[in-house]
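*Asks:* You'll find model.cif just under this line, and it carries mmCIF, C-alpha atoms.
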data_start
#
loop_
_atom_site.label_atom_id
_atom_site.label_comp_id
_atom_site.auth_asym_id
_atom_site.auth_seq_id
_atom_site.Cartn_x
_atom_site.Cartn_y
_atom_site.Cartn_z
CA MET V 115 0.00 0.00 0.00
CA ILE V 116 1.46 3.36 -1.00
CA THR V 117 1.93 6.22 1.45
CA GLU V 118 -0.51 8.85 0.16
CA SER V 119 1.45 11.76 1.65
CA ILE V 120 4.34 11.30 -0.79
CA PHE V 121 2.19 12.85 -3.54
CA LYS V 122 2.96 16.55 -3.25
CA ALA V 123 1.60 19.49 -5.23
CA TYR V 124 4.26 19.29 -7.94
CA ASP V 125 6.09 15.99 -7.48
CA ILE V 126 6.34 12.75 -5.50
CA ARG V 127 8.68 12.85 -2.50
CA GLY V 128 9.28 11.04 0.79
CA THR V 129 11.78 9.39 3.10
CA VAL V 130 13.45 6.13 2.03
CA PRO V 131 12.54 3.38 2.73
CA ASP V 132 9.67 4.03 5.16
CA GLU V 133 7.61 6.31 2.86
CA LEU V 134 9.18 5.53 -0.50
CA ASP V 135 10.71 2.16 -1.43
CA THR V 136 11.39 0.12 -4.55
CA LEU V 137 7.91 -1.44 -4.55
CA THR V 138 6.36 2.04 -4.56
CA ALA V 139 8.73 3.09 -7.36
CA TYR V 140 7.69 0.04 -9.37
CA GLU V 141 3.99 0.87 -8.96
CA ILE V 142 4.61 4.50 -9.91
CA GLY V 143 6.35 3.31 -13.08
CA ARG V 144 3.41 1.11 -14.01
CA ALA V 145 0.87 3.83 -13.23
CA LEU V 146 2.76 6.44 -15.24
CA ALA V 147 2.87 4.23 -18.32
CA ALA V 148 -0.70 2.99 -17.99
CA THR V 149 -2.53 6.24 -17.18
CA GLN V 150 -0.48 8.79 -19.14
CA ASN V 151 0.05 6.76 -22.33
CA MET V 152 3.82 7.18 -22.18
CA LYS V 153 5.48 4.80 -24.62
CA HIS V 154 8.95 6.38 -24.74
CA VAL V 155 10.25 7.89 -21.50
CA ALA V 156 13.57 9.45 -20.44
CA VAL V 157 14.64 8.73 -16.85
CA GLY V 158 17.45 10.55 -15.05
CA ARG V 159 18.63 10.39 -11.46
CA ASP V 160 20.67 12.30 -8.94
CA MET V 161 23.56 11.09 -6.77
CA ARG V 162 21.53 10.03 -3.71
CA THR V 163 22.51 6.62 -2.37
CA HIS V 164 19.12 5.07 -3.20
CA SER V 165 18.54 6.70 -6.60
CA GLY V 166 20.00 3.74 -8.49
CA ASP V 167 17.70 1.21 -6.78
CA LEU V 168 14.67 3.42 -7.34
CA PHE V 169 15.61 3.76 -11.01
CA GLY V 170 15.73 -0.01 -11.43
CA ALA V 171 12.31 -0.47 -9.86
CA LEU V 172 10.70 2.43 -11.73
CA ALA V 173 12.10 1.21 -15.06
CA ARG V 174 10.80 -2.30 -14.41
CA GLY V 175 7.31 -0.93 -13.79
CA LEU V 176 7.44 1.19 -16.94
CA MET V 177 8.67 -1.71 -19.07
CA GLU V 178 6.01 -4.12 -17.77
CA GLU V 179 3.43 -1.74 -19.22
CA GLY V 180 5.21 -1.74 -22.58
CA THR V 181 7.24 1.48 -22.27
CA ARG V 182 10.65 2.03 -23.84
CA VAL V 183 12.88 3.52 -21.14
CA VAL V 184 15.89 5.67 -22.03
CA ASP V 185 18.32 5.88 -19.13
CA VAL V 186 20.01 9.29 -19.34
CA GLY V 187 22.03 8.49 -16.22
CA LEU V 188 23.24 10.90 -13.57
CA CYS V 189 22.07 14.37 -14.53
CA SER V 190 20.42 17.54 -13.26
CA THR V 191 16.67 18.04 -13.34
CA ASP V 192 16.94 20.79 -15.93
CA ALA V 193 19.01 18.47 -18.15
CA LEU V 194 16.24 15.86 -17.92
CA TYR V 195 13.69 18.49 -19.04
CA PHE V 196 16.03 19.39 -21.91
CA ALA V 197 16.24 15.77 -23.01
CA VAL V 198 12.44 15.42 -23.09
CA GLY V 199 12.04 18.58 -25.16
CA LYS V 200 15.02 18.12 -27.45
CA PHE V 201 14.62 14.45 -28.30
CA GLY V 202 10.82 14.28 -28.35
CA PHE V 203 10.14 11.80 -25.55
CA ASP V 204 6.56 11.22 -24.39
CA GLY V 205 7.68 12.23 -20.93
CA GLY V 206 10.45 12.15 -18.39
CA VAL V 207 11.15 11.22 -14.79
CA MET V 208 13.87 12.73 -12.65
CA ILE V 209 14.67 10.66 -9.55
CA THR V 210 15.57 13.26 -6.95
CA ALA V 211 14.46 14.93 -3.75
CA SER V 212 15.97 18.23 -4.88
CA HIS V 213 17.21 20.19 -1.84
CA ASN V 214 15.88 17.79 0.83
CA PRO V 215 18.20 15.90 3.24
CA ALA V 216 19.87 12.63 2.29
CA ARG V 217 17.13 10.35 3.65
CA TYR V 218 14.63 11.74 1.10
CA ASN V 219 14.08 10.83 -2.53
CA GLY V 220 11.34 11.19 -5.09
CA PHE V 221 10.22 11.76 -8.66
CA LYS V 222 9.76 14.91 -10.72
CA ILE V 223 7.64 13.88 -13.68
CA CYS V 224 6.88 15.70 -16.92
CA GLY V 225 4.98 14.96 -20.10
CA PRO V 226 5.73 15.88 -23.73
CA LYS V 227 7.69 19.12 -24.22
CA ALA V 228 8.70 18.96 -20.53
CA VAL V 229 5.25 20.03 -19.26
CA PRO V 230 5.09 19.05 -15.56
CA LEU V 231 2.54 16.63 -14.14
CA SER V 232 0.46 18.06 -11.32
CA ASN V 233 -1.17 16.50 -8.27
CA GLU V 234 -4.38 18.28 -9.25
CA ARG V 235 -4.52 16.30 -12.49
CA GLU V 236 -2.16 13.55 -13.62
CA LEU V 237 -0.60 12.54 -10.29
CA LYS V 238 -4.08 12.23 -8.77
CA VAL V 239 -5.06 9.81 -11.57
CA MET V 240 -1.89 7.78 -11.00
CA ARG V 241 -2.51 7.62 -7.26
CA ARG V 242 -6.05 6.30 -7.76
CA TRP V 243 -4.82 3.74 -10.30
CA ILE V 244 -2.23 2.40 -7.85
CA ARG V 245 -4.78 2.30 -5.03
CA ALA V 246 -7.15 0.26 -7.25
CA GLY V 247 -4.51 -2.48 -7.62
CA VAL V 248 -4.80 -2.86 -11.39
CA PRO V 249 -3.13 -6.13 -12.47
CA ALA V 250 -0.17 -6.18 -14.86
CA ALA V 251 -1.10 -5.78 -18.52
CA SER V 252 -0.65 -8.66 -20.95
CA ARG V 253 1.30 -6.69 -23.55
CA PRO V 254 4.85 -6.98 -24.92
CA ALA V 255 7.41 -5.74 -22.45
CA GLY V 256 9.32 -2.55 -23.11
CA SER V 257 13.08 -2.09 -23.19
CA THR V 258 15.88 -0.03 -21.66
CA THR V 259 18.61 1.82 -23.55
CA THR V 260 21.12 4.45 -22.43
CA GLN V 261 21.87 7.93 -23.75
CA ASP V 262 24.49 10.42 -22.55
CA ILE V 263 22.97 13.92 -22.72
CA ARG V 264 25.59 15.95 -20.86
CA GLN V 265 27.47 17.46 -23.81
CA ALA V 266 24.26 18.10 -25.76
CA TYR V 267 22.88 19.95 -22.75
CA ALA V 268 26.07 21.97 -22.33
CA ASP V 269 25.93 22.98 -25.99
CA HIS V 270 22.28 23.99 -25.57
CA VAL V 271 22.69 26.22 -22.53
CA LEU V 272 25.68 28.00 -24.08
CA THR V 273 23.44 29.20 -26.93
CA PHE V 274 21.77 31.58 -24.46
CA ILE V 275 24.84 33.83 -24.24
CA ASP V 276 27.47 35.48 -26.44
CA LEU V 277 30.73 33.91 -25.32
CA THR V 278 32.75 36.81 -26.72
CA ARG V 279 31.16 39.16 -24.17
CA ILE V 280 32.10 37.15 -21.06
CA LYS V 281 34.78 38.75 -18.89
CA PRO V 282 37.46 36.66 -17.12
CA PHE V 283 35.88 36.88 -13.69
CA ARG V 284 36.88 34.89 -10.65
CA VAL V 285 33.79 33.03 -9.43
CA VAL V 286 33.24 30.76 -6.43
CA ILE V 287 30.77 28.00 -7.31
CA ASP V 288 29.29 25.72 -4.64
CA ALA V 289 27.79 22.54 -6.13
CA GLY V 290 26.80 21.23 -2.70
CA ASN V 291 27.94 17.67 -3.61
CA GLY V 292 24.95 17.69 -5.96
CA MET V 293 24.43 17.28 -9.68
CA ALA V 294 25.94 20.66 -10.58
CA GLY V 295 29.27 18.94 -9.95
CA ALA V 296 28.66 16.72 -12.98
CA MET V 297 26.81 19.13 -15.27
CA LEU V 298 28.95 22.27 -14.90
CA PRO V 299 32.42 21.11 -16.04
CA PRO V 300 31.65 20.87 -19.80
CA VAL V 301 30.00 24.31 -19.64
CA LEU V 302 32.80 25.90 -17.63
CA ALA V 303 35.35 24.55 -20.12
CA ALA V 304 33.89 26.93 -22.72
CA LEU V 305 34.04 30.03 -20.47
CA PRO V 306 37.00 32.36 -19.82
CA ILE V 307 36.23 32.60 -16.09
CA THR V 308 38.38 31.24 -13.26
CA VAL V 309 36.35 29.05 -10.93
CA GLU V 310 36.99 28.28 -7.28
CA PRO V 311 35.01 25.01 -7.00
CA LEU V 312 33.37 23.97 -3.74
CA TYR V 313 32.02 20.45 -3.21
CA PHE V 314 31.88 19.33 -6.85
CA GLU V 315 32.26 15.68 -5.79
CA LEU V 316 28.96 13.81 -6.14
CA ASP V 317 27.93 12.55 -2.71
CA GLY V 318 24.32 11.85 -1.82
CA THR V 319 25.10 11.88 1.89
CA PHE V 320 25.83 15.65 1.69
CA PRO V 321 28.88 15.55 3.99
CA ASN V 322 29.57 19.29 3.89
CA HIS V 323 26.17 20.98 4.07
CA GLN V 324 22.63 20.43 2.85
CA ALA V 325 22.25 21.25 -0.83
CA SER V 326 19.62 23.92 -0.14
CA PRO V 327 21.17 27.36 -0.76
CA ILE V 328 18.06 29.28 0.26
CA GLU V 329 19.08 28.68 3.92
CA PRO V 330 21.95 31.02 4.94
CA GLU V 331 23.89 28.36 6.85
CA ASN V 332 24.31 26.34 3.64
CA THR V 333 26.06 29.18 1.80
CA GLU V 334 28.32 30.26 4.65
CA VAL V 335 31.47 28.65 3.21
CA MET V 336 30.79 30.02 -0.28
CA ARG V 337 30.24 33.55 1.02
CA ARG V 338 33.39 33.39 3.15
CA THR V 339 35.43 32.02 0.24
CA VAL V 340 34.25 34.86 -2.02
CA ARG V 341 35.50 37.40 0.51
CA GLU V 342 38.76 35.62 1.27
CA THR V 343 39.75 35.03 -2.38
CA GLY V 344 38.62 38.41 -3.67
CA ALA V 345 36.26 36.72 -6.12
CA ASP V 346 33.92 38.86 -8.20
CA PHE V 347 30.86 36.92 -7.02
CA GLY V 348 29.64 33.50 -5.92
CA CYS V 349 27.06 31.03 -7.11
CA ALA V 350 25.36 28.08 -5.36
CA PHE V 351 23.17 25.30 -6.77
CA ASP V 352 20.77 22.97 -5.00
CA GLY V 353 20.96 19.17 -5.02
CA ASP V 354 19.42 18.52 -8.43
CA ALA V 355 20.93 21.76 -9.81
CA ASP V 356 17.73 23.30 -11.14
CA ARG V 357 17.88 26.20 -8.65
CA MET V 358 20.63 28.81 -8.48
CA PHE V 359 21.52 31.67 -6.12
CA LEU V 360 24.15 34.42 -6.39
CA CYS V 361 26.13 36.39 -3.85
CA ASP V 362 28.06 39.62 -4.46
CA ALA V 363 31.74 40.31 -3.81
CA ASP V 364 31.01 41.13 -0.16
CA GLY V 365 29.33 37.77 0.37
CA ARG V 366 25.78 39.13 0.48
CA MET V 367 23.21 36.76 -0.98
CA LEU V 368 20.84 37.96 -3.66
CA GLY V 369 17.24 36.79 -3.52
CA GLY V 370 15.95 34.85 -6.47
CA ASP V 371 13.83 37.88 -7.39
CA MET V 372 16.95 39.98 -7.90
CA VAL V 373 18.24 37.37 -10.34
CA VAL V 374 14.86 37.64 -12.08
CA CYS V 375 15.60 41.36 -12.50
CA LEU V 376 19.08 40.69 -13.89
CA VAL V 377 17.84 38.22 -16.48
CA ALA V 378 14.74 40.27 -17.33
CA ARG V 379 16.86 43.34 -17.96
CA LYS V 380 19.03 41.45 -20.43
CA LEU V 381 16.11 39.90 -22.30
CA LEU V 382 14.07 43.12 -22.47
CA ARG V 383 16.97 45.11 -23.82
CA LYS V 384 16.98 42.66 -26.73
CA ASP V 385 13.20 42.89 -27.17
CA PRO V 386 11.32 45.34 -24.91
CA HIS V 387 7.86 44.02 -25.77
CA GLN V 388 8.14 40.56 -24.24
CA THR V 389 5.99 39.08 -21.48
CA ILE V 390 7.75 38.01 -18.28
CA LEU V 391 6.15 36.12 -15.39
CA TYR V 392 7.10 36.49 -11.72
CA ASN V 393 5.58 34.87 -8.68
CA LEU V 394 3.80 36.91 -6.05
CA ILE V 395 6.59 36.57 -3.47
CA CYS V 396 8.97 38.53 -5.69
CA SER V 397 9.89 42.11 -4.85
CA ARG V 398 7.98 45.07 -6.26
CA ALA V 399 11.28 45.83 -7.99
CA VAL V 400 10.55 43.03 -10.47
CA PRO V 401 7.34 44.34 -12.10
CA GLU V 402 8.64 47.91 -11.83
CA LEU V 403 11.77 47.01 -13.81
CA ILE V 404 9.87 44.97 -16.41
CA THR V 405 7.36 47.77 -16.98
CA ARG V 406 10.04 50.45 -17.11
CA LEU V 407 11.84 48.55 -19.87
CA GLY V 408 8.68 48.16 -21.94
CA GLY V 409 7.82 44.57 -21.05
CA LYS V 410 4.59 43.09 -19.77
CA ALA V 411 4.82 41.85 -16.17
CA VAL V 412 2.43 39.04 -15.21
CA ARG V 413 2.08 38.02 -11.55
CA THR V 414 1.57 34.31 -10.82
CA GLN V 415 1.12 31.80 -8.04
CA VAL V 416 4.12 29.94 -6.62
CA GLY V 417 5.19 26.66 -8.23
CA HIS V 418 6.56 25.35 -11.52
CA ALA V 419 3.51 23.22 -12.35
CA LEU V 420 1.48 26.45 -12.41
CA ILE V 421 4.02 28.77 -14.01
CA LYS V 422 5.15 26.65 -16.98
CA PRO V 423 1.67 26.19 -18.53
CA GLN V 424 0.90 29.89 -18.05
CA MET V 425 4.17 30.83 -19.72
CA ALA V 426 3.31 28.64 -22.70
CA LYS V 427 -0.19 30.13 -22.91
CA LEU V 428 1.18 33.69 -22.92
CA ASN V 429 4.32 32.82 -24.93
CA ALA V 430 6.35 34.51 -22.18
CA VAL V 431 10.06 34.76 -22.88
CA PHE V 432 11.02 34.26 -19.22
CA GLY V 433 9.61 33.58 -15.78
CA GLY V 434 11.17 33.56 -12.33
CA GLU V 435 10.52 32.78 -8.69
CA HIS V 436 11.97 34.08 -5.44
CA SER V 437 12.97 30.47 -4.67
CA GLY V 438 15.64 30.39 -7.39
CA HIS V 439 13.65 28.76 -10.23
CA PHE V 440 14.06 30.48 -13.62
CA TYR V 441 12.08 29.49 -16.72
CA PHE V 442 12.97 30.17 -20.36
CA ARG V 443 10.76 30.03 -23.44
CA ASP V 444 13.66 28.77 -25.56
CA ASN V 445 14.15 25.94 -23.07
CA TRP V 446 10.66 24.48 -23.60
CA PHE V 447 9.42 26.89 -20.90
CA ALA V 448 11.30 24.71 -18.38
CA ASP V 449 13.45 25.99 -15.54
CA SER V 450 17.23 25.97 -15.55
CA GLY V 451 19.53 27.35 -12.89
CA LEU V 452 22.48 26.91 -15.26
CA ILE V 453 20.95 29.07 -18.01
CA ALA V 454 20.12 31.75 -15.43
CA PHE V 455 23.73 31.65 -14.20
CA LEU V 456 25.06 32.11 -17.73
CA VAL V 457 22.74 35.01 -18.56
CA ALA V 458 23.61 36.69 -15.25
CA LEU V 459 27.30 36.18 -16.06
CA GLU V 460 26.80 38.01 -19.37
CA VAL V 461 24.86 40.82 -17.67
CA ILE V 462 27.65 41.37 -15.13
CA SER V 463 30.26 41.21 -17.91
CA GLU V 464 28.53 43.90 -19.94
CA ALA V 465 27.79 46.18 -16.99
CA GLY V 466 31.41 46.96 -16.22
CA ARG V 467 30.72 47.30 -12.50
CA PRO V 468 30.31 44.96 -9.53
CA LEU V 469 27.18 42.89 -9.04
CA ALA V 470 26.15 44.88 -5.95
CA GLY V 471 26.21 48.11 -7.96
CA ILE V 472 24.04 46.64 -10.69
CA VAL V 473 21.42 45.51 -8.18
CA ARG V 474 21.32 48.90 -6.45
CA GLU V 475 20.12 50.44 -9.72
CA PHE V 476 16.77 48.66 -9.59
CA ASP V 477 16.27 47.56 -5.94
CA PRO V 478 15.30 50.24 -3.39
CA TYR V 479 13.50 47.82 -1.06
CA VAL V 480 14.23 45.70 2.03
CA ARG V 481 12.72 42.27 2.66
CA SER V 482 12.10 39.87 5.52
CA GLY V 483 12.74 36.64 3.70
CA GLU V 484 10.32 33.77 4.32
CA ILE V 485 9.32 33.29 7.96
CA ASN V 486 7.43 30.13 8.94
CA SER V 487 4.99 29.90 11.85
CA ARG V 488 3.11 26.84 13.08
CA VAL V 489 -0.63 27.59 13.14
CA LEU V 490 -3.41 25.26 14.29
CA ASP V 491 -6.35 26.87 12.45
CA ILE V 492 -4.95 28.31 9.22
CA PRO V 493 -8.27 29.45 7.63
CA ALA V 494 -9.25 31.31 10.81
CA LYS V 495 -5.86 32.98 11.02
CA LEU V 496 -6.04 34.10 7.39
CA ARG V 497 -9.47 35.65 8.03
CA GLU V 498 -8.10 37.44 11.07
CA LEU V 499 -5.20 38.85 9.07
CA GLU V 500 -7.49 39.97 6.26
CA ASN V 501 -9.77 41.79 8.70
CA ARG V 502 -6.81 43.51 10.37
CA TYR V 503 -5.32 44.73 7.07
CA ALA V 504 -8.57 45.35 5.18
CA GLY V 505 -7.46 48.93 4.50
CA GLY V 506 -4.90 47.71 1.98
CA GLU V 507 -5.25 46.25 -1.50
CA ILE V 508 -6.20 42.61 -0.84
CA ASP V 509 -5.91 39.63 -3.17
CA HIS V 510 -6.09 35.85 -2.78
CA LEU V 511 -4.04 34.68 -5.76
CA ASP V 512 -1.97 32.50 -3.42
CA GLY V 513 -2.82 32.78 0.26
CA LEU V 514 -3.39 36.38 1.33
CA THR V 515 -1.57 39.44 0.00
CA ALA V 516 -2.14 42.90 1.45
CA SER V 517 -0.47 45.88 -0.25
CA PHE V 518 0.03 49.38 1.12
CA PRO V 519 2.06 52.31 -0.27
CA ASP V 520 5.01 51.74 2.06
CA PHE V 521 4.91 47.94 2.50
CA TRP V 522 3.21 44.73 1.43
CA PHE V 523 3.06 41.21 2.77
CA ASN V 524 1.98 37.77 1.64
CA VAL V 525 1.08 34.91 3.95
CA ARG V 526 0.29 31.53 2.45
CA PRO V 527 -0.18 28.01 3.82
CA SER V 528 2.39 25.28 3.35
CA ASN V 529 1.30 22.44 1.06
CA THR V 530 2.64 19.80 3.44
CA GLU V 531 2.70 21.14 7.03
CA PRO V 532 0.47 23.22 9.37
CA LEU V 533 2.57 26.30 8.64
CA LEU V 534 1.93 29.81 7.44
CA ARG V 535 4.73 31.31 5.36
CA LEU V 536 5.15 35.07 5.72
CA ASN V 537 7.02 37.42 3.36
CA VAL V 538 7.18 41.17 4.00
CA GLU V 539 8.73 43.96 1.90
CA ALA V 540 9.02 47.65 2.74
CA GLY V 541 10.67 50.81 1.53
CA ASP V 542 12.99 51.12 4.57
CA ALA V 543 14.36 48.98 7.38
CA ASP V 544 12.37 50.62 10.18
CA THR V 545 9.05 50.06 8.43
CA LEU V 546 10.01 46.49 7.63
CA LYS V 547 10.85 45.64 11.23
CA ARG V 548 7.73 47.32 12.61
CA LYS V 549 5.36 45.62 10.18
CA GLN V 550 7.10 42.25 10.38
CA ASP V 551 6.88 42.22 14.17
CA GLU V 552 3.26 43.40 14.05
CA ILE V 553 2.15 40.70 11.58
CA LEU V 554 4.09 37.92 13.31
CA ALA V 555 2.54 38.84 16.66
CA LEU V 556 -0.90 38.43 15.14
CA ILE V 557 -0.02 35.15 13.40
CA ARG V 558 1.49 33.64 16.55
CA ALA V 559 -1.10 34.91 19.01
#
Please express what this file holds, its structure, as structure tokens.
*Replies:*
Amino acid sequence: MITESIFKAYDIRGTVPDELDTLTAYEIGRALAATQNMKHVAVGRDMRTHSGDLFGALARGLMEEGTRVVDVGLCSTDALYFAVGKFGFDGGVMITASHNPARYNGFKICGPKAVPLSNERELKVMRRWIRAGVPAASRPAGSTTTQDIRQAYADHVLTFIDLTRIKPFRVVIDAGNGMAGAMLPPVLAALPITVEPLYFELDGTFPNHQASPIEPENTEVMRRTVRETGADFGCAFDGDADRMFLCDADGRMLGGDMVVCLVARKLLRKDPHQTILYNLICSRAVPELITRLGGKAVRTQVGHALIKPQMAKLNAVFGGEHSGHFYFRDNWFADSGLIAFLVALEVISEAGRPLAGIVREFDPYVRSGEINSRVLDIPAKLRELENRYAGGEIDHLDGLTASFPDFWFNVRPSNTEPLLRLNVEAGDADTLKRKQDEILALIRA
């Protein structure tokens, strides 16, 4: 019997082996083939200690339902999306738990053209199919072949920049013992930069720090190394290398929304009439910059399974999230931390000034970052907050957002825990602290 809680909003994820084991992987493989009509599927995996076993079980389930499995080996999630789009597979599965600790694993699943499967639609159908205990089909078994996609992916991401414009910067890159350690070398070989590599060795036990750069403690070594070596900036990837964060020469981390601004500025200077999506946690600086440069800014909910289809519908050239996910139209609308890194590298090269100076040009705000609070009755608390801040501009696109001239905040429920996630932004530090403390006191009362 499967553990229902492993089916998340955008993927399948749980602890191994108590929530997710090889039998579950086998059933997921069968269900994917049977309910989504996938006859030719690419499967990649990260470096976690159990990813190989889960691959074997998943592939067996896929093949028993007649699917041809192409093993693309150890790769990043964005490389798996590339393979599905580039080579025309019916779908793809990336075996990974992304930034989660070593005991976790899971599956990120997409359909044709790298469109993600959602728990509201396809994953729900798969879950019901597994629960029904459908017997194995009496059809010819599928097969497994292998395909190395690393160089093809490197060649693809390099098309997003003009190599002749890249300056010979010194850059500290923290791969976090994750898949960036395997995917970056063929790309870096084409660049004139000098790299100080941190933790490029693949190790699914994460012996140095968790591969989740959104938490400050996991970028401490990178930030210190940038300062000590006099590097121009630093870059950190998460475990499956689809998310990317930057820090400036002083070791200050940039939020994902500031990277959205960097990339948007580059793309809109090429074509100022493009549509760019940003999620509602991003700074006001994002839509202000996009509009100022002649683009169309479209605000979205959080999450790749929601953003990618909307990008395709609007033919948006780019989309970004505060969490370090960056989506590109010319990458099948899929996210890629590596492409975002390369575009940012070109932006910094052309600017002729440090990263911190570039950001100051478009970012006058201060932010709280995401603050989590455990709440017993989330709907009641959201109503209380809405009543208290009814004088502002209220919307419910994702949780509750209240906007005022000098500050705004969003509070939204976690998909998996009894938590409310608060983000606050203001025009100055005093206002930020006052409003943050005020809102938190109400949430935690």
*Asks:* Would you write out, as number ranges by chain, every residue that the PyMOL selection byres ((chain V and resi 148-163) around 7) captures in this file?
*Replies:* V: 144-147, 164-165, 179-190, 194, 198, 203-210, 216, 240, 292-293, 316-319, 354
*Asks:* Name the closest residue to Ala266 (chain V) among the candidates V:Leu499, V:Val301, V:Val473, V:Ile307; distances are taken between atoms, counting all atoms listed in the file.
*Replies:*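 Selected residue with least distance to Ala266 (chain V): V:Val301.
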*Asks:* When you count all atoms listed in the file, which of these residues is closest to Leu272 (chain V): V:Asn445, V:Ser326, V:Asn501, V:Thr343?
*Replies:*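 Once distances to Leu272 (chain V) are computed over all atoms listed in the file, the minimum belongs to V:Asn445.
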*Asks:* Which one of V:Leu554, V:Ala304, V:Leu134, V:Ala419 sits closest to Glu484 (chain V) if you count only C-alpha atoms?
*Replies:*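 Among V:Leu554, V:Ala304, V:Leu134, V:Ala419, it is V:Leu554 that comes nearest to Glu484 (chain V).
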*Asks:* From the options V:Leu490, V:Ile244, V:Val480, V:Leu556, which residue's atoms come nearest to Phe521 (chain V), counting all atoms listed in the file?
*Replies:*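 That would be V:Val480, the residue with the smallest distance to Phe521 (chain V).
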*Asks:* Between V:Pro478, V:Gly199, V:Gly505, V:Pro423, which has the minimum distance to Ser232 (chain V) (counting only C-alpha atoms)?
*Replies:*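 Closest to Ser232 (chain V) of all the choices is V:Pro423.
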*Asks:* Figure out the distance between CA of Ala458 (chain V) and CA of Val377 (chain V), please, to one decimal in Å.
*Replies:*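 The value is 6.1 Å.
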*Asks:* Take every atom of region 254-272 of chain V listed in the file, fit an axis-aligned box around them, add 4 Å per side, and give the centre and edge lengths in Å to one decimal as lines of an AutoDock Vina configuration file.
*Replies:*
center_x = 16.2
center_y = 10.5
center_z = -23.4
size_x = 30.6
size_y = 43.0
size_z = 13.1
*Asks:* Do a neighbour search on Pro401 (chain V) at 8 Å with only C-alpha atoms, toss out local chain neighbours closer than 6 positions, and write the hits as a count of residues only.
*Replies:* 3
*Asks:* Of the candidates V:Arg366, V:Arg357, V:Arg127, V:Arg217, which shows the shortest atom-to-atom distance to Glu334 (chain V), using all atoms listed in the file?
*Replies:* V:Arg366
*Asks:* Written as a JSON list (two decimals) with C-alpha atoms, in the frame of the given file, what is the full residue list that the PyMOL selection byres ((chain V and resi 250-253) around 8) yields on the file shown?
*Replies:*
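Here's the written file expr-v3.json:
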[["chain", "number", "residue", "atom", "x", "y", "z"],
["V", 178, "GLU", "CA", 6.01, -4.12, -17.77],
["V", 179, "GLU", "CA", 3.43, -1.74, -19.22],
["V", 180, "GLY", "CA", 5.21, -1.74, -22.58],
["V", 248, "VAL", "CA", -4.80, -2.86, -11.39],
["V", 249, "PRO", "CA", -3.13, -6.13, -12.47],
["V", 254, "PRO", "CA", 4.85, -6.98, -24.92],
["V", 255, "ALA", "CA", 7.41, -5.74, -22.45]]
*Asks:* What does the distance from CA of Asp167 (chain V) to CA of Lys227 (chain V) come to in Å, to one decimal?
*Replies:* 26.9 Å
*Asks:* What does the structure give for the distance between CA of Ala448 (chain V) and CA of Ala355 (chain V), in Å to one decimal?
*Replies:*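 Pair CA of Ala448 (chain V) / CA of Ala355 (chain V) returns 13.2 Å.
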*Asks:* How close does region 356-454 of chain V get to region 522-543 of chain V? List, as a Markdown table, each residue of region 356-454 of chain V within 12 Å, its nearest atom pair and the distance in Å to one decimal, counting all atoms listed in the file.
*Replies:*
| residue | atom | partner | partner_atom | distance |
| --- | --- | --- | --- | --- |
| V:Asn393 | CA | V:Asn524 | CA | 11.3 |
| V:Leu394 | CA | V:Asn524 | CA | 7.9 |
| V:Ile395 | CA | V:Asn537 | CA | 6.9 |
| V:Cys396 | CA | V:Asn537 | CA | 9.3 |
| V:Ser397 | CA | V:Glu539 | CA | 7.1 |
| V:Arg398 | CA | V:Glu539 | CA | 8.3 |
| V:Ala399 | CA | V:Glu539 | CA | 10.4 |
| V:Gln415 | CA | V:Arg526 | CA | 10.5 |
| V:Val416 | CA | V:Arg526 | CA | 10.0 |
| V:Gly417 | CA | V:Asn529 | CA | 10.9 |
| V:His436 | CA | V:Asn537 | CA | 10.6 |
*Asks:* What do you get, as an MDAnalysis selection string, if you spell out every residue that the PyMOL selection byres ((chain V and resi 410) around 7) selects here?
*Replies:* chainID V and resid 387:390 404:405 408:409 411:412
*Asks:* Give me, as an MDAnalysis selection string, all polymer residues having an atom no more than 9 Å from Asp135 (chain V), counting all atoms listed in the file and skipping those fewer than 4 positions away in the same chain.
*Replies:* chainID V and resid 129:131 139:140 167:168 171
*Asks:* Would you list the contacts of Phe314 (chain V) as a VMD selection string, taking every protein, DNA or RNA residue within 9 Å and counting all atoms listed in the file, but skipping same-chain residues closer than 4 positions in sequence?
*Replies:* chain V and resid 287 to 296
